[in-house]
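J.: After the structure tokens below, expect a handful of questions from me.
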Amino acid sequence: MKKKILVTGGAGFIGSHVIRLFVNKYEDYEIVNLDKLTYAGNLENLTDVENKANYRFVKGCITDKDFISELFEKEQFDAVIHLAAESHVDRSITNPLEFVETNVMGTVNLLLAAKATWKDKTDKLFYHISTDEVYGTLGDTGLFTETTPYDPRSPYSAAKASSDHFVRAWAHTYDMPVVISNCSNNYGANQFPEKLLPLFINNIRNNKSLPVYGDGKYTRDWLWVEDHAAAIDVIFHKGKNLETYNIGGFNEWTNIDLIKLLCEQMDLKLGREKGSSEKLITYVKDRPGHDKRYAIDATKLERELGWRPSVTFEQGLAKTIDWYLANEEWMNNITSGDYEKYYEKQYAQ
Ligand code: NAD
Ligand code: TYD
């Protein structure tokens, strides 16, 4: 069936994998990628699909109300997969307002425009991509389930929790068909090197120190980004109206154990003496309000929609390291700002 789908934030880390999967898998769909190209958005992530007939890029900001309502009016989308957001916890601590503007106001703008064009039609879908961080933090035991009460602790997670609430409010108040998924920490190709794994891979490559926050005994549940994109595909097509699905890797690691594993693998890949990367570990001041542990119970998604991660962590991590080592130019461009020049060259003539 033909569908016109708006993907927001498609030039970012997860969005680019979602775009690639949908463009290649669903030739009948028209995929429109709306992205502001902030520091985290990079069209170099999509060079392999940029000339496909079923793909289009539109540069724009989700907080621009007039632009968004005109876009929806003109394009008459059948569905929205909403990923555009400010996504880094550390930045949210220093600049919370930007997170409220993009993640909350931007989401409400999209909901308003979708409601205005869809009216009461029930064959539409607003799919919000969210995070497990809305649930707050766990102690040593237990897992986040879909019924865990929201308890966000950082400005990032508070803004994402707020946007989740607005999405559900639109479903209850205006009968808009919606679905939400809350995913754990992603890793893989094309992630901006401010997040733990790409930052540390790049620092090890350049013999720079590895800043471990606090005692390093914080736990995250890691999922390979292509498995997240596959889960989004399944939920988009088979998820039930107004349901929430938790997505996770069944894969908990303390930061320090993960970093030590990464150091070991990097030594091997770079042909360096065993133990040399570990010497770069430097314990630094902790992140304020640092959530102790995230761990997802993703059994609902497995039981109801049949999704499971396709790779083990060892396989995913090896693929990830290989990708960053093979794509030095991508890393250099993104850290030097040259991706803006790429946009000018490709799209702004
Ligand atoms: P990212 O920071 O890599 O990408 C975000 C994208 O949104 C960028 O391309 C950016 O240019 C775009 N964007 C930002 N503000 C915009 C605006 N005002 N208008 C239009 N576009 C804008 O983020 P990511 O890691 O790919 O995360 C994508 C989504 O998934 C986010 O909603 C995030 O909360 C969620 N999520 C991320 C993770 C993770 O581990 N990275 C885990 C769970 C959920
Ligand atoms: P991050 O990749 O920022 O994801 P999130 O905060 O959304 O979980 O961080 C993952 C974990 O790694 C988190 O516990 C913070 C920690 N961390 C460091 O110890 N040092 C760093 O330089 C970074 C970026 C993160």
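Ligands are numbered from 1 in the order shown, residues from 1 within each chain, and chains are lettered A, B, ... in the order they appear in the structure tokens.
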Please identify every polymer residue within 6 Å of ligand 2, using only C-alpha atoms and all ligand atoms, and present the set as an MDAnalysis selection string.

T.: chainID A and resid 89 194:196 211:213 218 255

J.: Within 6 Å of ligand 1, which residues of chain A come that close, and what is the closest atom pair and distance in Å for each? Count only C-alpha atoms and all ligand atoms and give it as a tab-separated table.

T.:
```
residue	atom	partner	partner_atom_place_in_ligand_line	distance
A:Gly9	CA	ligand 1	7 (O)	3.6
A:Gly10	CA	ligand 1	9 (O)	5.7
A:Ala11	CA	ligand 1	9 (O)	4.0
A:Gly12	CA	ligand 1	9 (O)	3.2
A:Phe13	CA	ligand 1	26 (O)	3.6
A:Ile14	CA	ligand 1	26 (O)	3.7
A:Gly15	CA	ligand 1	26 (O)	5.3
A:Asp35	CA	ligand 1	21 (N)	3.7
A:Lys36	CA	ligand 1	20 (C)	3.9
A:Leu37	CA	ligand 1	11 (O)	3.6
A:Thr38	CA	ligand 1	11 (O)	3.9
A:Ala40	CA	ligand 1	8 (C)	4.7
A:Gly41	CA	ligand 1	9 (O)	3.1
A:Gly60	CA	ligand 1	20 (C)	5.7
A:Cys61	CA	ligand 1	19 (N)	3.5
A:Ile62	CA	ligand 1	19 (N)	4.0
A:Thr63	CA	ligand 1	18 (N)	5.5
A:Leu83	CA	ligand 1	32 (O)	4.1
A:Ala84	CA	ligand 1	7 (O)	3.5
A:Ala85	CA	ligand 1	14 (C)	4.5
A:Glu86	CA	ligand 1	14 (C)	5.3
A:Ser87	CA	ligand 1	2 (O)	4.6
A:Thr102	CA	ligand 1	18 (N)	4.8
A:Ile129	CA	ligand 1	30 (O)	5.4
A:Ser130	CA	ligand 1	44 (C)	4.6
A:Thr131	CA	ligand 1	43 (C)	3.9
A:Cys183	CA	ligand 1	43 (C)	4.3
A:Ser184	CA	ligand 1	42 (C)	5.1
A:Asn185	CA	ligand 1	40 (O)	3.7
A:Asn186	CA	ligand 1	40 (O)	3.8
A:Gln191	CA	ligand 1	3 (O)	6.0
```

J.: For the selection you just gave me, I'd like the residues written to a file as an mmCIF file, in the first residue's frame, keeping C-alpha atoms.

T.:
```
data_model
loop_
_atom_site.group_PDB
_atom_site.id
_atom_site.type_symbol
_atom_site.label_atom_id
_atom_site.label_comp_id
_atom_site.auth_asym_id
_atom_site.auth_seq_id
_atom_site.Cartn_x
_atom_site.Cartn_y
_atom_site.Cartn_z
ATOM 1 C CA GLY A 9 15.182 14.000 12.747
ATOM 2 C CA GLY A 10 16.130 11.624 9.927
ATOM 3 C CA ALA A 11 19.611 13.120 9.524
ATOM 4 C CA GLY A 12 20.526 12.194 13.095
ATOM 5 C CA PHE A 13 21.909 8.965 14.485
ATOM 6 C CA ILE A 14 18.833 6.737 14.876
ATOM 7 C CA GLY A 15 16.743 8.614 12.294
ATOM 8 C CA ASP A 35 15.488 17.861 9.804
ATOM 9 C CA LYS A 36 16.859 21.180 11.002
ATOM 10 C CA LEU A 37 20.437 19.909 10.698
ATOM 11 C CA THR A 38 21.558 20.960 14.132
ATOM 12 C CA ALA A 40 23.746 16.395 15.497
ATOM 13 C CA GLY A 41 22.106 16.221 12.062
ATOM 14 C CA GLY A 60 13.191 22.852 8.558
ATOM 15 C CA CYS A 61 12.585 23.276 12.251
ATOM 16 C CA ILE A 62 9.787 21.522 14.149
ATOM 17 C CA THR A 63 9.363 24.546 16.404
ATOM 18 C CA LEU A 83 12.551 11.345 16.210
ATOM 19 C CA ALA A 84 13.720 14.984 16.023
ATOM 20 C CA ALA A 85 14.933 16.049 19.438
ATOM 21 C CA GLU A 86 17.791 17.426 21.428
ATOM 22 C CA SER A 87 19.203 14.150 22.694
ATOM 23 C CA THR A 102 12.579 21.307 20.633
ATOM 24 C CA ILE A 129 10.231 7.650 19.469
ATOM 25 C CA SER A 130 11.077 8.038 23.127
ATOM 26 C CA THR A 131 13.543 6.904 25.743
ATOM 27 C CA CYS A 183 14.166 2.539 24.049
ATOM 28 C CA SER A 184 17.393 1.999 25.960
ATOM 29 C CA ASN A 185 20.858 3.357 25.007
ATOM 30 C CA ASN A 186 21.656 2.849 21.334
ATOM 31 C CA GLN A 191 26.378 8.540 16.327
#
```

J.: Here is a test: counting only C-alpha atoms, which residue of A:Ala79, A:Val100, A:Lys319, A:Arg308 is nearest to Lys121 (chain A)?

T.: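 For Lys121 (chain A), the nearest of the candidates is A:Ala79.
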
J.: Would you give me, as an MDAnalysis selection string, the residues in region 82-284 of chain A that DSSP reads as alpha helix (DSSP H)?

T.: chainID A and resid 89:94 96:99 106:118 155:174 196:205 225:238 255:270

J.: For Pro198 (chain A), work out the shell of residues within 10 Å, counting only C-alpha atoms and skipping chain neighbours fewer than 5 positions away, then give it as a VMD selection string.

T.: chain A and resid 187 to 193 203 to 204 320 to 321 324 331

J.: Save the residues we just selected, C-alpha atoms, as a PDB file, in the first residue's frame?

T.:
```pdb
ATOM      1  CA  TYR A 187      25.097   2.322  19.836  1.00  0.00           C
ATOM      2  CA  GLY A 188      26.320   1.899  16.265  1.00  0.00           C
ATOM      3  CA  ALA A 189      27.434   3.794  13.165  1.00  0.00           C
ATOM      4  CA  ASN A 190      26.724   7.524  12.668  1.00  0.00           C
ATOM      5  CA  GLN A 191      26.378   8.540  16.327  1.00  0.00           C
ATOM      6  CA  PHE A 192      27.624  12.017  17.184  1.00  0.00           C
ATOM      7  CA  PRO A 193      30.857  11.710  19.193  1.00  0.00           C
ATOM      8  CA  ASN A 203      39.584   9.347  21.845  1.00  0.00           C
ATOM      9  CA  ILE A 204      41.305   5.962  21.938  1.00  0.00           C
ATOM     10  CA  THR A 320      30.577  -0.453  15.514  1.00  0.00           C
ATOM     11  CA  ILE A 321      34.304  -0.166  16.142  1.00  0.00           C
ATOM     12  CA  TYR A 324      34.268   4.199  13.092  1.00  0.00           C
ATOM     13  CA  MET A 331      34.397  11.592  12.107  1.00  0.00           C
TER      14      MET A 331
END
```
